[in-house]
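Student: Right, I'll just put the structure down here and ask away after.
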Amino acid sequence: MTTVLGIGFTAPWLLIGLAALPILWLILRAIPPAPVRRRFPGVALLLGLKDDEATSDRTPWWLMLIRMLALAAIILGLAGPVLNPQQQAPGRGPLLFVLDADWAGAPRWADRIAHLEAQLAEAGRAERPVAILALTAPEPLQFQSADAWRSRLPGLKPAAWLPTEAQLAQASAEVQAATENFDTRWLGDGLAYPGRTALIAALQAKGALTVYETGQPVIGIGPASFQDGAIHLTLHRSRPGAAREVSVLAQGLDPAGTPRVLASTPARFEDGVLSADLALSLPAELRARVTRFEVQGQRSAGATTLTDDRLRRREVALIAGRENREGLELLAPLHYLQQALKPSADLLHGGLMELLPANPDVIVLADVATLAPAEQAALTDWVEKGGLLLRFAGPRLAASDVSRAEEDPLMPVRLRSGGRTVGGAMSWGAPKTLAPFPPDSPFAGLPIPADVSVTAQVMAQPDPTLADRVIAALTDGTPLVTRKDLGQGQVVLFHVTANAEWSSLPLSGLFVQMLERLAISSAAKPPSAEELEGTTWRPVQVMDGFGTLSDAGTLPGVDGPALAAAPLGPDLRPGLYDSGKRRLARNVLGTDDVLIPADWPADVPVETMAETPERPIGGPLLALALILLALDVIASLALGGRLLPQRGRIAVVALALLTTLPQGGLQAQEPRPQPTEAETDFAISAASELTLAHVLTGDAKLDDIAEAGLKGLSDTLFFRTSIEPAEPVGIDLEQDELAFFPLLYWPVTPNQPHPSDAAYARLNAYLRAGGMILFDTRDADVASFGAASPNGRKLQELAAPLNIPPLEPVPRDHVLTRTFYLLQDFPGRSANAPVWVEAAPPDAEQIEGMPFRNLNDGVTPVVIGGNDWAGAWAVDRNGNPLLPVGRGMMGERQRELSLRFGVNLVMYVLTGNYKSDQVHVPALLDRLGQ
Amino acid sequence: MITAPHLRARAEAEAASLPPLLARADQLAGTVLLGEHGRRRAGMGDDFWQYRPAQPGDSRRMIDHRRSARGDQQFVREREWQIAQSVMLWVDRGASMRFASSEALPQKADRARLLGLALAILLVRGGERVGLTGTTLPPRRGQTQILRLAEAFIEDAATDYTPPEHRAMIPHARAVFISDFLGEMQEVELALTKAADRGVRGVLLQLLDPAEEDFPFQGRTIFESVGGTLRHETLKAGDLRARYLDRLAERRDRLNRLCRVTGWQFGTHHTGESAQSALLWLYRALDGGSR
């Protein structure tokens, strides 16, 4: 190979062709460009005109230059130029290649293998037998032909740890066990590790040792920590060098489950400094998704750090039985929970079915008794996958049948009916205080303030398992907090309310501490070896030298102290480990680790691994020639006038080129399914005006009556009140959105289909959000929903999955009796059957001198009766009553009363307890008078 | 040999282009109707013009009894003079007209036909008789004549530059010549002098493509006429521009002079401009000449 100006040529004789270029210049210069043929009617005027100059336009010099350059590039390219030609002195005898094969070499592993391959090729040409010794996986030396080793090169992989002392000792033993002498070439990865001296001595005893290193610093990244709202990362490099900027990528799964880069931030090594600090502030939702940080362009286990529980800020979903307490903030079931959790957790609000896909860490159900089957199944599923379900008792739970006869999967214990009240005016004894926490309780050690007292609670049924499940109790031994495991998750029940109604616990600091112990128990610091004493950790995923995670398979478990402190090796690989519900990441670099560059004894020659391998550059030169020739074509066309009149076409071509460029790697996320036009229309028409709705039963005649009934009621409302409803609509529970309707009229027939689980879930959400359902069994006498009539039985079946509070017959002072008309009974086509509404709170008392009890809160979610109101309300198209009611004038009076009930009901739904507030009017007037 | 089906197919194809041409011409003509009807003087015609007292010498037949019965005086009913002029068109069908320098511009032949037909429609609406020079289509009136004209315009000639048709010109008629006038000048001179001899006056419209006016060519070029009969090679087209433009100006000057001598009017129109302006000019020029 001849070398000219540092470039080697395989066929240097072709370069003589360059001498022909000046001749070509002259020849090309003499040839005029080809003529353009044009149609032109004016040619008649041109006939006889002579050109002024005999010669045509010359080819311009720059065009000639392009052509010459193209030609020169062709000649140079064909002459076989090679950049960085390498020439090495050959040696003799067997040759041993020692590889560090640790993670520090992983970023440039391909180069290393290429270098090794080149050396193997050279050894093969010199017919030297070769052996390869990877220090992270030492094996007995096998001197074979270089070709045999070359086929095994792809099998060499870097390990995720530095060679351990045991491995080095084994390698030394293998070297000493070799019978013949050999030269050694050591491909170092650049990091120091203990126990290398013995191996160097053993190798030098066998022959010459040469070390090859890249000389590039190794970059690593320390574990991530979370402080002051930001993630802190420390980057290390093995050698001080010039200032350098690297990017750190936060990798994780996006909501669709696809791994992608969630954030990227630059880190800067200052000039001569070995480490770089980095603070990364991410939204909590994003931060929780980060699974690893890695240094861009450094594909190694050391430049990757895995995250574990420490980075996560818990997401807590809060769901209350009844949300609309109309601004009574201190009475809201979730108020104290929000206050307690807000500083340390991310709170989610919404319906249960909407929150579950967000996969919160904790779901809090405050006094939610009944769940629809779909909700129940989804929630159980979520808990079994590791969720923490935190439940609070309350009047609703106390009154329900949940977990009464047999244990509900989502309740830790069975409950006794009704709960108990202590310390009230009518009970013996003082309010109870808390007993010290048992030592195996998660609350163990928390100080109990003296002023925490419990006045009411739900009681657990004594069961064989009860003792195990109590984690906090009152002084009289009754459970206050119980817990059970469910799948991988757990269910915790506070036997008191989450607000201060039943106990002063939510007012105390103890409440916050208990919540922290339960929900936010992840520590901010990595655990020390002592803390992990006695635990065994199971590897879940382990990293290879490139930093790629793979399933741990059948790797054995690791002792806790070893996981925290022992050096990495084949028995302790970096990766993710779990024990119970905790998850720890073992990274290559610990918090205090630094990277130490390898230093070699003075008598070991260290050579730099060829950073620039031989590279033939004939191809690029020929490509350049082609580009120049293409330019020449365009320029020639332009000169010949063939290009200029077609500017439009060039623009089109350029545009086409631009548009065919790759459209960028950003893939739009899957769009959310848009509501269909029909759905939108339905929503707009239902939401733009007040609309009464009835549930479609599938019985056409009944549905017609219901519609006609609501029509009659709507007309009555229109004529008599300021409520002006639109035409009533029928609702398909399976499909239609319920949120637009303040009132659902649900006539019950024995053979109507059951709504699906999803429909029940939406019905429960509707009730929780303040909707009202008017159930009408239409059978007059058995509306007490005993099992006496088929309609009653059906009503029981239909309403069972609904979250319905305790009921009572409408009391005489119920708001329903006076929202518009003063009524005492609520007839439809039938009369005198009782009508049931949500029971008044047990503590409602009548104040002296007031006509009504102070029933200040809420609107009953259901009204249940059997008076066939729709039949009484029903009118035909002309507004005449459809069905007869009673007899004669009495019948008309009854119809009028039924309409008045309808008016009262709608008023009640729309205005809530406004009429109840009237009890304060005398007091307000009194105060105004002063 | 032309078989009947072949002829039929060709005729269909030709006819297919007729309605659009007619429609376009009609539309164009519709924009020019300025209300200059009639001759505005008494004479032969159909429309009422005025009543005048009967004078001696008027035949009794001419007295309008309906008007005269209202009084003692006798009136004669006069009609507006409506006399039809004969206008003869010649639209160049030569190959040189089938040229457009860019796709955005119409061919000269296309524009020439459009102008000719639109003018014919205008004139027929005005009551004139319109025809072609030569013997193929003598001037007649009526809508059918427009169809016949459209049919006649469709035909193309193979030769590069066709001489103006000057045979069978009706004395004292009007004539309109539309061409690029890039061919032999003697033919044009002959036609015009012959027309002048017969008292025929008219309009010359030179229709040129913008490229013919600009000569925007560079480099080594072989120019060919559209029919392919003439060619001229040059090594530097850019150098020819000035001399070409001189020649063009000279040609135009000569045409202009010729027109002045023979009492014709000369106008230039480029295909890059709006056809309406040319039509307006043509109509005015013709109208002014007829007064």
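In the structure tokens, each chain is lettered A, B, ... as it comes, each chain's residues begin at 1, and ligands are numbered from 1 in order of appearance.
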Can you pull out every residue within 8 Å of segment 903-905 of chain A, counting only C-alpha atoms, but drop anything in the same chain fewer than 4 positions away, and send it as a ChimeraX atom specification?
Tutor: /A:713,716-717,816-821,899,909
Student: Could you give me the residues within segment 1-132 of chain A that DSSP places in strand (DSSP E or B), as a list of chain:residue names?
Tutor: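 Here is the list: A:Thr2, A:Thr3, A:Val4, A:Ile7, A:Gly8, A:Phe9, A:Val36, A:Arg37, A:Arg38, A:Arg39, A:Pro81, A:Val82, A:Leu83, A:Leu95, A:Leu96, A:Phe97, A:Val98, A:Leu99, A:Val130, A:Ala131, A:Ile132.
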Student: Would you give me, as JSON lines, each residue of chain B having an atom within 7 Å of an atom of chain A, along with its shortest atom pair and that distance in Å to one decimal, using only C-alpha atoms and sorting by chain and residue number?
Tutor:
```
{"residue": "B:Ser96", "atom": "CA", "partner": "A:Pro41", "partner_atom": "CA", "distance": 5.1}
{"residue": "B:Leu182", "atom": "CA", "partner": "A:Ala44", "partner_atom": "CA", "distance": 6.6}
{"residue": "B:Gly183", "atom": "CA", "partner": "A:Ala44", "partner_atom": "CA", "distance": 6.9}
{"residue": "B:Glu212", "atom": "CA", "partner": "A:Gly42", "partner_atom": "CA", "distance": 6.2}
{"residue": "B:Gln218", "atom": "CA", "partner": "A:Gly641", "partner_atom": "CA", "distance": 6.3}
{"residue": "B:Gly219", "atom": "CA", "partner": "A:Gly640", "partner_atom": "CA", "distance": 5.9}
{"residue": "B:Arg220", "atom": "CA", "partner": "A:Pro35", "partner_atom": "CA", "distance": 4.7}
{"residue": "B:Thr221", "atom": "CA", "partner": "A:Val36", "partner_atom": "CA", "distance": 4.5}
{"residue": "B:Ile222", "atom": "CA", "partner": "A:Arg37", "partner_atom": "CA", "distance": 4.8}
{"residue": "B:Phe223", "atom": "CA", "partner": "A:Arg38", "partner_atom": "CA", "distance": 5.0}
{"residue": "B:Glu224", "atom": "CA", "partner": "A:Arg39", "partner_atom": "CA", "distance": 4.8}
{"residue": "B:Ser225", "atom": "CA", "partner": "A:Pro41", "partner_atom": "CA", "distance": 4.9}
{"residue": "B:Val226", "atom": "CA", "partner": "A:Arg39", "partner_atom": "CA", "distance": 5.6}
{"residue": "B:Arg231", "atom": "CA", "partner": "A:Val43", "partner_atom": "CA", "distance": 6.8}
{"residue": "B:His232", "atom": "CA", "partner": "A:Leu47", "partner_atom": "CA", "distance": 6.3}
{"residue": "B:Thr234", "atom": "CA", "partner": "A:Asp51", "partner_atom": "CA", "distance": 6.4}
{"residue": "B:Leu235", "atom": "CA", "partner": "A:Ser56", "partner_atom": "CA", "distance": 4.8}
{"residue": "B:Lys236", "atom": "CA", "partner": "A:Ser56", "partner_atom": "CA", "distance": 6.2}
{"residue": "B:Tyr244", "atom": "CA", "partner": "A:Leu46", "partner_atom": "CA", "distance": 6.3}
{"residue": "B:Arg247", "atom": "CA", "partner": "A:Leu45", "partner_atom": "CA", "distance": 6.4}
```
Student: What parts of segment 184-238 of chain B does DSSP call alpha helix (DSSP H)? I'd like the answer as a list of chain:residue names.
Tutor: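 After running DSSP on the backbone, segment 184-238 of chain B has alpha helix (DSSP H) at B:Met185, B:Gln186, B:Glu187, B:Val188, B:Glu189, B:Leu190, B:Ala191, B:Leu192, B:Thr193, B:Lys194, B:Ala195, B:Ala196, B:Asp197, B:Pro210, B:Ala211, B:Glu212, B:Glu213, B:Asp214, B:Ala237, B:Gly238.
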Student: Rounded to one decimal place, report the atom CA of Ala693 of chain A-atom CA of Leu710 of chain A distance in Å.
Tutor: 7.5 Å
Student: Set the distance at 12 Å and use only C-alpha atoms: which residues neighbour Arg148 of chain B once local chain neighbours fewer than 6 positions away are removed? I'd like the list as an mmCIF file with N, CA and C atoms, in the first residue's frame.
Tutor:
```cif
data_model
loop_
_atom_site.group_PDB
_atom_site.id
_atom_site.type_symbol
_atom_site.label_atom_id
_atom_site.label_comp_id
_atom_site.auth_asym_id
_atom_site.auth_seq_id
_atom_site.Cartn_x
_atom_site.Cartn_y
_atom_site.Cartn_z
ATOM 1 N N ALA B 15 -67.384 18.758 -33.633
ATOM 2 C CA ALA B 15 -68.572 19.421 -33.107
ATOM 3 C C ALA B 15 -68.492 19.554 -31.597
ATOM 4 N N LEU B 18 -67.481 22.784 -30.532
ATOM 5 C CA LEU B 18 -68.297 23.922 -30.966
ATOM 6 C C LEU B 18 -69.056 24.591 -29.824
ATOM 7 N N LEU B 22 -68.813 28.451 -28.934
ATOM 8 C CA LEU B 22 -69.985 29.310 -29.086
ATOM 9 C C LEU B 22 -70.351 29.974 -27.768
ATOM 10 N N LEU B 117 -65.531 34.933 -33.595
ATOM 11 C CA LEU B 117 -66.896 34.462 -33.411
ATOM 12 C C LEU B 117 -67.686 35.415 -32.520
ATOM 13 N N ALA B 120 -68.697 38.195 -34.502
ATOM 14 C CA ALA B 120 -69.789 37.809 -35.381
ATOM 15 C C ALA B 120 -71.108 37.819 -34.629
ATOM 16 N N ILE B 121 -71.099 37.300 -33.392
ATOM 17 C CA ILE B 121 -72.339 37.271 -32.607
ATOM 18 C C ILE B 121 -72.840 38.684 -32.363
ATOM 19 N N VAL B 130 -72.986 38.734 -41.549
ATOM 20 C CA VAL B 130 -71.599 38.359 -41.299
ATOM 21 C C VAL B 130 -71.256 37.135 -42.118
ATOM 22 N N GLY B 131 -70.068 37.143 -42.666
ATOM 23 C CA GLY B 131 -69.620 35.979 -43.411
ATOM 24 C C GLY B 131 -68.113 35.940 -43.437
ATOM 25 N N LEU B 132 -67.592 35.026 -44.240
ATOM 26 C CA LEU B 132 -66.155 34.936 -44.393
ATOM 27 C C LEU B 132 -65.758 35.541 -45.728
ATOM 28 N N THR B 136 -66.502 30.672 -49.533
ATOM 29 C CA THR B 136 -67.060 29.564 -48.744
ATOM 30 C C THR B 136 -68.314 29.963 -47.998
ATOM 31 N N LEU B 137 -68.315 31.117 -47.396
ATOM 32 C CA LEU B 137 -69.443 31.467 -46.540
ATOM 33 C C LEU B 137 -69.772 32.944 -46.747
ATOM 34 N N PRO B 138 -70.601 33.265 -47.724
ATOM 35 C CA PRO B 138 -70.942 34.663 -47.953
ATOM 36 C C PRO B 138 -71.754 35.208 -46.793
ATOM 37 N N PRO B 139 -71.732 36.543 -46.574
ATOM 38 C CA PRO B 139 -72.423 37.139 -45.420
ATOM 39 C C PRO B 139 -73.921 36.866 -45.465
ATOM 40 N N ARG B 140 -74.408 36.436 -44.278
ATOM 41 C CA ARG B 140 -75.836 36.263 -44.096
ATOM 42 C C ARG B 140 -76.164 36.711 -42.688
ATOM 43 N N ARG B 141 -77.463 36.773 -42.380
ATOM 44 C CA ARG B 141 -77.820 37.150 -41.030
ATOM 45 C C ARG B 141 -78.368 35.938 -40.287
ATOM 46 N N GLY B 142 -78.579 36.090 -39.024
ATOM 47 C CA GLY B 142 -79.271 35.055 -38.250
ATOM 48 C C GLY B 142 -78.331 34.151 -37.475
ATOM 49 N N ILE B 154 -63.352 26.154 -37.153
ATOM 50 C CA ILE B 154 -62.689 24.984 -36.573
ATOM 51 C C ILE B 154 -61.583 24.478 -37.477
ATOM 52 N N GLU B 155 -61.768 24.655 -38.773
ATOM 53 C CA GLU B 155 -60.795 24.063 -39.693
ATOM 54 C C GLU B 155 -59.435 24.717 -39.530
#
```
Student: So that I can check the surroundings of Phe718 of chain A, please list as a list in words every protein, DNA and RNA residue that reaches within 12 Å of it, counting only C-alpha atoms and ignoring chain neighbours fewer than 4 positions away.
Tutor: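 Result of the neighbour search: Leu690, Thr691, Leu710, Lys711, Gly712, Leu713, Ser714, Ser722, Ile723, Glu724, Pro725, Ala726, Glu727, Val903 and Val906 of chain A.
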Student: Work out how far atom CA of Ile221 of chain A is from atom CA of Leu233 of chain A, in Å to one decimal.
Tutor: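 It comes out at 7.2 Å.
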Student: Which residues are close to segment 749-766 of chain A, i.e. within 9 Å by only C-alpha atoms, leaving aside same-chain residues fewer than 4 positions away? Reply as a PyMOL selection string.
Tutor: chain A and resi 351-353+370-375+697-699+702+733-735+737-739+770-772+777-778+790-795+797-798+801-804
Student: So what do you get for atom CA of Leu71 of chain A versus atom CA of Ala625 of chain A, distance-wise?
Tutor: 6.8 Å
Student: Can you pull out the residues contacting His166 of chain B? Cut-off 9 Å, using only C-alpha atoms, and skip same-chain residues under 2 positions away; I want them as a list of chain:residue names.
Tutor: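 Selected residues are B:Trp90, B:Thr133, B:Gly134, B:Pro163, B:Pro164, B:Ala168, B:Met169, B:Leu190, B:Ala191, B:Leu192, B:Lys194, B:Ala195.
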Student: Keeping C-alpha atoms, export the residues of the selection given above as a PDB file, in the first residue's frame.
Tutor:
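Just written: part-v5.pdb:
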```
ATOM      1  CA  TRP B  90     -60.820  36.406 -42.151  1.00  0.00           C
ATOM      2  CA  THR B 133     -64.041  36.430 -47.092  1.00  0.00           C
ATOM      3  CA  GLY B 134     -63.791  34.190 -50.092  1.00  0.00           C
ATOM      4  CA  PRO B 163     -52.178  34.621 -47.026  1.00  0.00           C
ATOM      5  CA  PRO B 164     -55.307  36.690 -46.411  1.00  0.00           C
ATOM      6  CA  ALA B 168     -65.055  37.675 -53.801  1.00  0.00           C
ATOM      7  CA  MET B 169     -65.130  40.708 -51.578  1.00  0.00           C
ATOM      8  CA  LEU B 190     -52.279  42.753 -52.196  1.00  0.00           C
ATOM      9  CA  ALA B 191     -55.340  41.941 -50.129  1.00  0.00           C
ATOM     10  CA  LEU B 192     -55.618  45.405 -48.669  1.00  0.00           C
ATOM     11  CA  LYS B 194     -57.636  45.037 -53.581  1.00  0.00           C
ATOM     12  CA  ALA B 195     -60.074  45.711 -50.808  1.00  0.00           C
TER      13      ALA B 195
END
```
Student: List the neighbours of Leu105 of chain B out to 9 Å using only C-alpha atoms; skip same-chain residues closer than 6 positions along the sequence, and give me the result as a PyMOL selection string.
Tutor: chain B and resi 209+271-272
Student: Nearest to Glu187 of chain B: which of B:Ala211, B:Val124, B:Leu255, B:Ala157 is it, counting only C-alpha atoms?
Tutor: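 Distance minimum relative to Glu187 of chain B lands on B:Leu255.
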